[in-house]
$ cat target-v5.txt   # compact mmCIF, N, CA and C atoms
# COMPACT_ATOMS: atom_id res chain seq x y z
N MET N 161 -11.99 18.46 85.70
CA MET N 161 -12.57 19.79 85.63
C MET N 161 -12.21 20.48 84.33
N GLY N 162 -11.13 20.05 83.69
CA GLY N 162 -10.71 20.69 82.46
C GLY N 162 -11.78 20.62 81.38
N CYS N 163 -12.48 19.51 81.31
CA CYS N 163 -13.52 19.35 80.29
C CYS N 163 -14.74 20.21 80.61
N LEU N 164 -15.05 20.36 81.87
CA LEU N 164 -16.21 21.17 82.24
C LEU N 164 -16.00 22.64 81.88
N ASP N 165 -14.78 23.12 81.93
CA ASP N 165 -14.51 24.50 81.54
C ASP N 165 -14.90 24.75 80.09
N CYS N 166 -14.66 23.76 79.24
CA CYS N 166 -15.02 23.91 77.82
C CYS N 166 -16.53 24.06 77.65
N PHE N 167 -17.30 23.27 78.39
CA PHE N 167 -18.75 23.33 78.27
C PHE N 167 -19.30 24.63 78.84
N VAL N 168 -18.76 25.08 79.95
CA VAL N 168 -19.21 26.32 80.57
C VAL N 168 -18.88 27.50 79.67
N GLY N 169 -17.67 27.50 79.12
CA GLY N 169 -17.27 28.57 78.21
C GLY N 169 -18.14 28.62 76.97
N GLY N 170 -18.49 27.44 76.46
CA GLY N 170 -19.36 27.38 75.29
C GLY N 170 -20.73 27.95 75.58
N SER N 171 -21.22 27.69 76.78
CA SER N 171 -22.52 28.21 77.18
C SER N 171 -22.49 29.73 77.25
N LYS N 172 -21.42 30.28 77.80
CA LYS N 172 -21.30 31.75 77.88
C LYS N 172 -21.21 32.34 76.49
N ARG N 173 -20.51 31.67 75.61
CA ARG N 173 -20.37 32.15 74.23
C ARG N 173 -21.74 32.15 73.55
N GLU N 174 -22.51 31.10 73.75
CA GLU N 174 -23.84 31.04 73.16
C GLU N 174 -24.75 32.14 73.71
N GLN N 175 -24.65 32.38 75.03
CA GLN N 175 -25.45 33.45 75.63
C GLN N 175 -25.06 34.80 75.06
N ARG N 176 -23.76 35.04 74.88
CA ARG N 176 -23.29 36.31 74.31
C ARG N 176 -23.78 36.47 72.87
N ARG N 177 -23.70 35.39 72.10
CA ARG N 177 -24.19 35.45 70.71
C ARG N 177 -25.69 35.73 70.67
N GLU N 178 -26.43 35.13 71.58
CA GLU N 178 -27.87 35.36 71.62
C GLU N 178 -28.17 36.82 71.98
N LYS N 179 -27.43 37.35 72.95
CA LYS N 179 -27.61 38.77 73.32
C LYS N 179 -27.27 39.68 72.14
N GLU N 180 -26.20 39.36 71.43
CA GLU N 180 -25.81 40.17 70.26
C GLU N 180 -26.87 40.08 69.16
N ARG N 181 -27.44 38.89 68.98
CA ARG N 181 -28.47 38.71 67.96
C ARG N 181 -29.71 39.53 68.30
N ILE N 182 -30.10 39.51 69.57
CA ILE N 182 -31.27 40.27 70.01
C ILE N 182 -31.01 41.76 69.86
N ALA N 183 -29.81 42.20 70.26
CA ALA N 183 -29.46 43.61 70.12
C ALA N 183 -29.46 44.03 68.66
N SER N 184 -28.99 43.15 67.79
CA SER N 184 -28.96 43.45 66.36
C SER N 184 -30.38 43.57 65.80
N GLU N 185 -31.26 42.67 66.21
CA GLU N 185 -32.65 42.74 65.76
C GLU N 185 -33.31 44.03 66.23
N GLU N 186 -33.05 44.42 67.48
CA GLU N 186 -33.63 45.66 68.00
C GLU N 186 -33.10 46.86 67.24
N ALA N 187 -31.81 46.86 66.93
CA ALA N 187 -31.23 47.96 66.17
C ALA N 187 -31.84 48.05 64.78
N ARG N 188 -32.05 46.89 64.13
CA ARG N 188 -32.68 46.89 62.80
C ARG N 188 -34.10 47.42 62.87
N ALA N 189 -34.82 47.04 63.92
CA ALA N 189 -36.20 47.51 64.07
C ALA N 189 -36.23 49.02 64.27
N ARG N 190 -35.33 49.53 65.09
CA ARG N 190 -35.28 50.99 65.30
C ARG N 190 -34.90 51.72 64.02
N ALA N 191 -33.97 51.16 63.26
CA ALA N 191 -33.57 51.77 61.98
C ALA N 191 -34.73 51.76 60.99
N ALA N 192 -35.49 50.68 60.96
CA ALA N 192 -36.64 50.61 60.05
C ALA N 192 -37.70 51.63 60.44
N GLU N 193 -37.94 51.79 61.74
CA GLU N 193 -38.92 52.77 62.20
C GLU N 193 -38.46 54.18 61.83
N ALA N 194 -37.18 54.47 62.02
CA ALA N 194 -36.66 55.79 61.68
C ALA N 194 -36.76 56.05 60.18
N ALA N 195 -36.46 55.04 59.37
CA ALA N 195 -36.56 55.20 57.92
C ALA N 195 -38.00 55.44 57.49
N GLN N 196 -38.93 54.72 58.11
CA GLN N 196 -40.34 54.91 57.80
C GLN N 196 -40.79 56.33 58.16
N LYS N 197 -40.33 56.80 59.31
CA LYS N 197 -40.69 58.15 59.75
C LYS N 197 -40.12 59.21 58.79
N ARG N 198 -38.86 59.02 58.38
CA ARG N 198 -38.25 59.96 57.42
C ARG N 198 -39.02 59.94 56.11
N GLN N 199 -39.42 58.75 55.64
CA GLN N 199 -40.17 58.65 54.39
C GLN N 199 -41.50 59.38 54.49
N GLU N 200 -42.20 59.19 55.61
CA GLU N 200 -43.49 59.86 55.79
C GLU N 200 -43.32 61.38 55.84
N GLU N 201 -42.27 61.85 56.52
CA GLU N 201 -42.02 63.29 56.59
C GLU N 201 -41.67 63.84 55.21
N PHE N 202 -40.90 63.09 54.43
CA PHE N 202 -40.55 63.53 53.09
C PHE N 202 -41.80 63.63 52.21
N GLU N 203 -42.67 62.63 52.31
CA GLU N 203 -43.88 62.64 51.49
C GLU N 203 -44.78 63.80 51.84
N LYS N 204 -44.76 64.25 53.09
CA LYS N 204 -45.58 65.38 53.51
C LYS N 204 -44.97 66.71 53.10
N SER N 205 -43.67 66.75 52.86
CA SER N 205 -42.99 68.00 52.54
C SER N 205 -43.28 68.41 51.09
N ALA N 206 -42.97 69.66 50.80
CA ALA N 206 -43.18 70.18 49.45
C ALA N 206 -42.30 69.43 48.45
N ALA N 207 -41.08 69.13 48.83
CA ALA N 207 -40.18 68.40 47.93
C ALA N 207 -40.72 67.00 47.65
N GLY N 208 -41.28 66.37 48.66
CA GLY N 208 -41.86 65.04 48.48
C GLY N 208 -43.06 65.06 47.56
N ARG N 209 -43.91 66.06 47.74
CA ARG N 209 -45.09 66.18 46.86
C ARG N 209 -44.65 66.46 45.42
N ALA N 210 -43.64 67.30 45.26
CA ALA N 210 -43.15 67.61 43.92
C ALA N 210 -42.54 66.37 43.26
N ALA N 211 -41.78 65.60 44.04
CA ALA N 211 -41.17 64.39 43.50
C ALA N 211 -42.24 63.39 43.08
N ARG N 212 -43.27 63.24 43.90
CA ARG N 212 -44.35 62.31 43.56
C ARG N 212 -45.08 62.78 42.30
N ALA N 213 -45.35 64.07 42.20
CA ALA N 213 -46.03 64.60 41.01
C ALA N 213 -45.18 64.39 39.76
N GLN N 214 -43.88 64.60 39.89
CA GLN N 214 -42.99 64.41 38.75
C GLN N 214 -42.96 62.94 38.32
N MET N 215 -42.92 62.02 39.28
CA MET N 215 -42.92 60.60 38.94
C MET N 215 -44.23 60.19 38.29
N GLU N 216 -45.35 60.71 38.78
CA GLU N 216 -46.65 60.38 38.18
C GLU N 216 -46.74 60.93 36.77
N ALA N 217 -46.26 62.15 36.56
CA ALA N 217 -46.29 62.75 35.23
C ALA N 217 -45.40 61.98 34.27
N SER N 218 -44.24 61.57 34.75
CA SER N 218 -43.33 60.80 33.92
C SER N 218 -43.93 59.45 33.54
N ALA N 219 -44.57 58.80 34.49
CA ALA N 219 -45.20 57.50 34.21
C ALA N 219 -46.35 57.67 33.23
N LYS N 220 -47.13 58.71 33.40
CA LYS N 220 -48.26 58.96 32.51
C LYS N 220 -47.76 59.26 31.10
N GLU N 221 -46.70 60.05 31.00
CA GLU N 221 -46.15 60.42 29.70
C GLU N 221 -45.57 59.21 28.99
N SER N 222 -44.87 58.36 29.72
CA SER N 222 -44.23 57.21 29.08
C SER N 222 -45.26 56.21 28.58
N THR N 223 -46.40 56.11 29.21
CA THR N 223 -47.41 55.16 28.76
C THR N 223 -48.18 55.69 27.56
N THR N 224 -48.29 56.99 27.39
CA THR N 224 -49.10 57.53 26.30
C THR N 224 -48.28 57.83 25.05
N THR N 225 -46.97 58.01 25.14
CA THR N 225 -46.20 58.42 23.96
C THR N 225 -45.80 57.25 23.08
N ASN N 226 -45.67 56.05 23.62
CA ASN N 226 -45.15 54.93 22.84
C ASN N 226 -46.18 54.39 21.86
N LYS N 227 -47.35 54.07 22.27
CA LYS N 227 -48.45 53.57 21.45
C LYS N 227 -48.05 52.39 20.58
N GLY N 228 -47.22 51.50 21.10
CA GLY N 228 -46.89 50.28 20.39
C GLY N 228 -45.81 50.40 19.35
N GLU N 229 -45.29 51.58 19.09
CA GLU N 229 -44.22 51.73 18.11
C GLU N 229 -42.88 51.46 18.78
N PRO N 230 -41.94 50.94 18.03
CA PRO N 230 -40.62 50.70 18.61
C PRO N 230 -39.94 52.02 18.97
N VAL N 231 -39.18 51.97 20.01
CA VAL N 231 -38.48 53.18 20.46
C VAL N 231 -37.40 53.56 19.47
N LEU N 232 -36.63 52.57 19.03
CA LEU N 232 -35.57 52.82 18.05
C LEU N 232 -36.04 52.34 16.69
N LYS N 233 -35.89 53.17 15.69
CA LYS N 233 -36.26 52.79 14.33
C LYS N 233 -34.98 52.69 13.51
N TRP N 234 -34.83 51.56 12.86
CA TRP N 234 -33.62 51.32 12.09
C TRP N 234 -33.89 51.56 10.61
N GLN N 235 -32.87 52.05 9.95
CA GLN N 235 -32.96 52.24 8.50
C GLN N 235 -31.90 51.39 7.81
N MET N 236 -32.28 50.77 6.74
CA MET N 236 -31.32 49.98 5.97
C MET N 236 -30.81 50.85 4.83
N GLY N 237 -29.52 50.71 4.55
CA GLY N 237 -28.99 51.33 3.37
C GLY N 237 -28.24 52.51 3.61
$ encode --input "target-v5.txt" --output "C-alpha cells"
Amino acid sequence: MGCLDCFVGGSKREQRREKERIASEEARARAAEAAQKRQEEFEKSAAGRAARAQMEASAKESTTTNKGEPVLKWQMG
C-alpha cells in the first residue's frame, strides 16, 4: 500500500495544480477585461481626448519638421 499512496498523492497534486492553473487563467481574463474597460473609460474622458489630441499633434509635428535633414548637425574645426 505504501506505493499506492505515492500515486494517489501525485494525482491530488496534479488536480490541485490544474485548479490553480484554471483559477489563474480566470484571474488574468478578469484583469484584462478590467484593463480594457478602464482604457475605454479613459478614452471617453476629457483627459483621454486631450492625451490623444496631444499625441496626434506630436506625431504630425515630428513628421513635418524633419524633411530628411539630420537632427544633429556637426561642425568641424
$ atom_distance --input "target-v5.txt" --atom1 "atom C of Arg181 in chain N" --atom2 "CA of Ala194 in chain N"
18.9 Å
$ atom_distance --input "target-v5.txt" --atom1 "atom C of Ala195 in chain N" --atom2 "atom N of Ala207 in chain N"
16.5 Å
$ atom_distance --input "target-v5.txt" --atom1 "atom C of Ala183 in chain N" --atom2 "atom C of Ser171 in chain N"
18.1 Å
